[in-house]
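Working notes for the structure below.
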Amino acid sequence: MKQPYLLLTPGPLSTTASVKAAMQIDYCTWDSDYRQVTETIRREILALAEADPTTYTTVLLQGSGSYGVEATIGSAVPRTDAVLMIAINGAYGRRISEIADYYEITHIDVDFADDEVVDPQRIAQALADHPEVTHFATVHSETTTGVLNPIEQLMPLLKDRGIISIIDAMSSLGGVPINVDELDCDYLISSANKCVQGVPGFAFIIAKQAELAKTAGNARSLSLDLFAQWQTMTQQPGKWRFTSPTHVVHAFAQALTELADEGGVNERYQRYAASQRALSTGMQALGFELVIDPAYQGPIITSFKYPHTNFDFDDFYQFIKTRGFVIYPGKVSTIPSFRIGTIGDVDTTDINRLLAIIGDYQQLNQ
Ligand SMILES: *Cc1c(COP(=O)(O)O)cnc(C)c1O
C-alpha cells in the first residue's frame, strides 16, 4: 500500500516499511517467545538511554505517552507529605500540572513563556523559596515549540536537596543523546511512537529501582499502577499485567533493531539535526521567522510564525498535504504559528522537497 504522504509530525511519525511489516502477524502474549521480545525491549531501552541495568529498570505500559506520565506522577508521588514542583514552558508541562490536579497532589508550578527555555537559575530560586518540595517534574523536549530544556543543569539542583526527579523525555529519547547514569534522574518517560520510530500503543518508564521499590501502594489507579506493572514484569519476566499491544510491541522491537542499524542514538541525532538545520535555514530564506531562539532549539520539531496576519494556515496545510507532506498546527496560544517535525523516517532530501513545495505556495500567494 502506498503511503499518501509523509508525516512531519512529532509522533505518530513516518515509520519504515519494515516496521509496519512487523505488524502483519497475530502474536500470542503468554508464551516464552513473546515474553522474550518484551524482555529484550526492556533491556535495549536501558542501553539506548545509557542506564545501568543494576540501578535502573524499564517498565512498559499500555497506552499513549500521557498514560506513562500519569502512571509515573500518580505512583511516584505519595498521597501525603509530598509536594511536586513542575517547570512548565509548554502544553506538555501544563499536562503534568493537570495530572497533579486530578490526583490532588500539592504542586508548585514554575511557569515560563512557551517561547522561553526553562531557566535553571529561576528553578534554583524557586527551590530555595520552597524547601517543602519533594518531587520535581519537567519536560526535556517541549514538543509544543521544539525547545530543548537543560535537564543536565537542573538535575544537580534536585540532587542537592534529595528531590525525586521525573523527566518527560517523550519526544527526545532515541533522537537526542541522553545519559541516564550521568543525569542520575529517578524517572524518565518516553513512548513507542516518537524517536525510536515505532507506532503508537505503549509508553515506557525508565525508573531507578531503589526509588520505584518505595512506591508500593502509592497508586490511585489500578491500570496505571507503575509499581504493580513492574512487579508483574520482573516476577514473571516479560509478562504484562493486562493485554498488551502485541503488534505494536513487535513493531517496536523491529524499530529498535533499525535504530541500532542506523548506528545508534548519536547517528539518529545527526540525521534529525541535519534535517532541522535544512528546514530552519530554508524556511527563513522563504521569509518565515522562528519562534524559538536557535540556541535552545532542539532537532525534533520547529515552530514558525505566520508570515503575516492574513496567513491562511488551512489553505497552506492542504496545499502541502496534497503534495505529499503533513505538517502540524501551532500550539502556542500567544504566537500564531505552525510546526514542522523532523523526526521519523525522514531526511534532508524530504525536507528539500518540502521546501520547494512551500516555495511554490509562496509564489502563488504573493
Ligand atoms: C507526545 C508527547 C507526550 C505524550 O502525548 P500522547 O498524546 O499521550 O502520546 C508527552 N509529552 C511530550 C513532550 C510529548 O511530545
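Please note that chains go A, B, ... in the order of the C-alpha cells, that every chain numbers its residues from 1, and that ligands are numbered from 1 in the order shown.
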Spatial neighbours of A:Gly74, max dist 7 Å, only C-alpha atoms, sep filter under 4 positions, as a PyMOL selection string: chain A and resi 70+103+219-220
Within 6 Å of ligand 1, counting only C-alpha atoms and all ligand atoms, residues as a PyMOL selection string: chain A and resi 64-66+92+139+141-143+168+170-171
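One finds atom CA of A:Val196 at 6.8 Å from atom CA of A:Leu259.
Across A:Ile205, A:Ile327, A:Leu290, A:Val265, the tightest approach to A:Ala192 is made by A:Ile205 when counting only C-alpha atoms.
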Near-A:Val69 list (10 Å; only C-alpha atoms; drop same-chain fewer than 2 positions) as a PyMOL selection string: chain A and resi 64-67+71-75+92+95-96+99+137+166-170+187-191+203-205+224
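Taking atom CA of A:Glu182 and atom CA of A:Leu61 as the two end points, the separation is 25.0 Å.
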Spatial neighbours of A:Ile292, 12 Å, only C-alpha atoms, chain gap at least 2 places, as a ChimeraX atom specification: /A:89,113-117,142-149,280,289-290,294-299,301-305,332,335,337,339
Restrict the selected residues to N, CA and C atoms and save them as a short mmCIF file (atom, residue, chain, number, x, y, z; two decimals), in the first residue's frame.
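Output contents, as saved in part00.cif:
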```
data_model
loop_
_atom_site.label_atom_id
_atom_site.label_comp_id
_atom_site.auth_asym_id
_atom_site.auth_seq_id
_atom_site.Cartn_x
_atom_site.Cartn_y
_atom_site.Cartn_z
N ASN A 89 7.02 25.08 30.37
CA ASN A 89 7.15 26.04 29.25
C ASN A 89 6.46 25.50 28.00
N ALA A 113 7.25 31.39 29.68
CA ALA A 113 6.51 31.56 28.43
C ALA A 113 6.83 30.37 27.51
N ASP A 114 5.93 30.07 26.60
CA ASP A 114 6.14 28.92 25.71
C ASP A 114 7.35 29.09 24.80
N ASP A 115 7.74 30.33 24.53
CA ASP A 115 8.92 30.52 23.67
C ASP A 115 10.20 30.73 24.48
N GLU A 116 10.13 30.43 25.78
CA GLU A 116 11.33 30.51 26.64
C GLU A 116 11.80 29.11 27.00
N VAL A 117 13.08 29.02 27.39
CA VAL A 117 13.62 27.77 27.88
C VAL A 117 13.43 27.76 29.41
N GLU A 142 10.25 20.05 24.75
CA GLU A 142 8.86 20.53 24.82
C GLU A 142 8.33 20.58 23.39
N THR A 143 7.53 19.60 23.05
CA THR A 143 7.06 19.43 21.68
C THR A 143 6.10 20.55 21.25
N THR A 144 5.63 21.30 22.23
CA THR A 144 4.77 22.45 21.93
C THR A 144 5.46 23.41 20.96
N THR A 145 6.77 23.59 21.15
CA THR A 145 7.53 24.52 20.31
C THR A 145 8.75 23.87 19.67
N GLY A 146 9.34 22.89 20.35
CA GLY A 146 10.60 22.30 19.88
C GLY A 146 11.79 22.73 20.72
N VAL A 147 11.52 23.48 21.79
CA VAL A 147 12.61 23.93 22.67
C VAL A 147 13.15 22.74 23.46
N LEU A 148 14.47 22.73 23.67
CA LEU A 148 15.11 21.65 24.43
C LEU A 148 15.52 22.22 25.79
N ASN A 149 14.94 21.68 26.85
CA ASN A 149 15.22 22.20 28.19
C ASN A 149 16.50 21.59 28.77
N SER A 280 15.15 24.83 8.98
CA SER A 280 15.22 26.15 9.59
C SER A 280 15.82 27.18 8.62
N GLU A 289 9.72 33.37 10.12
CA GLU A 289 10.54 33.61 11.31
C GLU A 289 10.38 32.49 12.33
N LEU A 290 11.45 32.26 13.08
CA LEU A 290 11.46 31.22 14.12
C LEU A 290 10.76 31.70 15.39
N PRO A 294 17.48 29.96 18.24
CA PRO A 294 18.24 28.78 17.79
C PRO A 294 19.14 28.18 18.87
N ALA A 295 19.54 28.96 19.85
CA ALA A 295 20.40 28.45 20.93
C ALA A 295 19.69 27.37 21.75
N TYR A 296 18.34 27.42 21.80
CA TYR A 296 17.58 26.45 22.61
C TYR A 296 16.74 25.51 21.75
N GLN A 297 16.88 25.63 20.46
CA GLN A 297 16.08 24.82 19.53
C GLN A 297 16.60 23.38 19.50
N GLY A 298 15.70 22.42 19.64
CA GLY A 298 16.07 21.01 19.51
C GLY A 298 15.87 20.54 18.08
N PRO A 299 16.28 19.29 17.78
CA PRO A 299 16.19 18.78 16.40
C PRO A 299 14.85 18.12 16.06
N ILE A 301 11.31 19.22 16.39
CA ILE A 301 10.21 19.94 15.74
C ILE A 301 10.53 21.43 15.82
N THR A 302 10.13 22.17 14.79
CA THR A 302 10.45 23.59 14.73
C THR A 302 9.16 24.38 14.51
N SER A 303 9.02 25.47 15.26
CA SER A 303 7.84 26.34 15.14
C SER A 303 8.19 27.57 14.31
N PHE A 304 7.27 27.91 13.41
CA PHE A 304 7.44 29.09 12.57
C PHE A 304 6.25 30.02 12.76
N LYS A 305 6.54 31.32 12.81
CA LYS A 305 5.45 32.30 12.94
C LYS A 305 4.71 32.44 11.62
N VAL A 332 1.19 27.30 20.49
CA VAL A 332 1.47 28.44 21.37
C VAL A 332 0.31 29.41 21.22
N ILE A 335 1.28 33.14 20.12
CA ILE A 335 2.01 33.42 18.87
C ILE A 335 1.39 32.60 17.74
N SER A 337 1.32 30.45 14.93
CA SER A 337 2.47 29.73 14.39
C SER A 337 2.05 28.33 13.94
N ARG A 339 3.97 24.20 13.04
CA ARG A 339 5.15 23.42 13.37
C ARG A 339 5.44 22.39 12.29
#
```
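Closest approach to A:Tyr269 among A:Pro150, A:Gly11, A:Pro78, A:Gly174 is made by A:Gly174 (distances from only C-alpha atoms).
Proximity ranking of A:Gln235, A:Gly93, A:Phe136, A:Ala278 relative to A:Asp111 places A:Gly93 first, based on only C-alpha atoms.
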Excluding same-chain residues fewer than 6 positions from stretch 240-255 of chain A, what lies within 6 Å of it counting only C-alpha atoms, as a PDB file with N, CA, C and O atoms, in the first residue's frame?
```pdb
ATOM      1  N   VAL A  19       9.112  -1.712   9.683  1.00  0.00           N
ATOM      2  CA  VAL A  19       8.435  -1.582  10.985  1.00  0.00           C
ATOM      3  C   VAL A  19       6.946  -1.890  10.806  1.00  0.00           C
ATOM      4  O   VAL A  19       6.350  -2.635  11.598  1.00  0.00           O
ATOM      5  N   ALA A  22       6.245  -5.635  10.417  1.00  0.00           N
ATOM      6  CA  ALA A  22       6.335  -6.447  11.643  1.00  0.00           C
ATOM      7  C   ALA A  22       4.971  -6.631  12.305  1.00  0.00           C
ATOM      8  O   ALA A  22       4.817  -7.461  13.197  1.00  0.00           O
ATOM      9  N   MET A  23       3.982  -5.871  11.866  1.00  0.00           N
ATOM     10  CA  MET A  23       2.647  -5.949  12.478  1.00  0.00           C
ATOM     11  C   MET A  23       1.694  -6.878  11.735  1.00  0.00           C
ATOM     12  O   MET A  23       0.519  -6.936  12.047  1.00  0.00           O
ATOM     13  N   GLN A 197      10.918   5.459  16.640  1.00  0.00           N
ATOM     14  CA  GLN A 197      10.253   5.285  15.346  1.00  0.00           C
ATOM     15  C   GLN A 197       9.418   4.015  15.246  1.00  0.00           C
ATOM     16  O   GLN A 197       9.407   3.331  14.225  1.00  0.00           O
ATOM     17  N   GLY A 198       8.722   3.729  16.357  1.00  0.00           N
ATOM     18  CA  GLY A 198       7.703   2.682  16.333  1.00  0.00           C
ATOM     19  C   GLY A 198       6.332   3.297  16.105  1.00  0.00           C
ATOM     20  O   GLY A 198       6.230   4.467  15.704  1.00  0.00           O
ATOM     21  N   MET A 233       6.106  -7.592  35.660  1.00  0.00           N
ATOM     22  CA  MET A 233       7.105  -7.741  34.584  1.00  0.00           C
ATOM     23  C   MET A 233       8.409  -8.353  35.049  1.00  0.00           C
ATOM     24  O   MET A 233       9.118  -8.964  34.254  1.00  0.00           O
TER      25      MET A 233
END
```
Spatial neighbours of A:Leu6, 10 Å, only C-alpha atoms, chain gap at least 6 places, as a list in words: Leu13, Ser14, Thr15, Lys321, Arg323, Gly324, Phe325, Val326, Ile327, Gly344, Asp345, Val346 and Asp350 of chain A
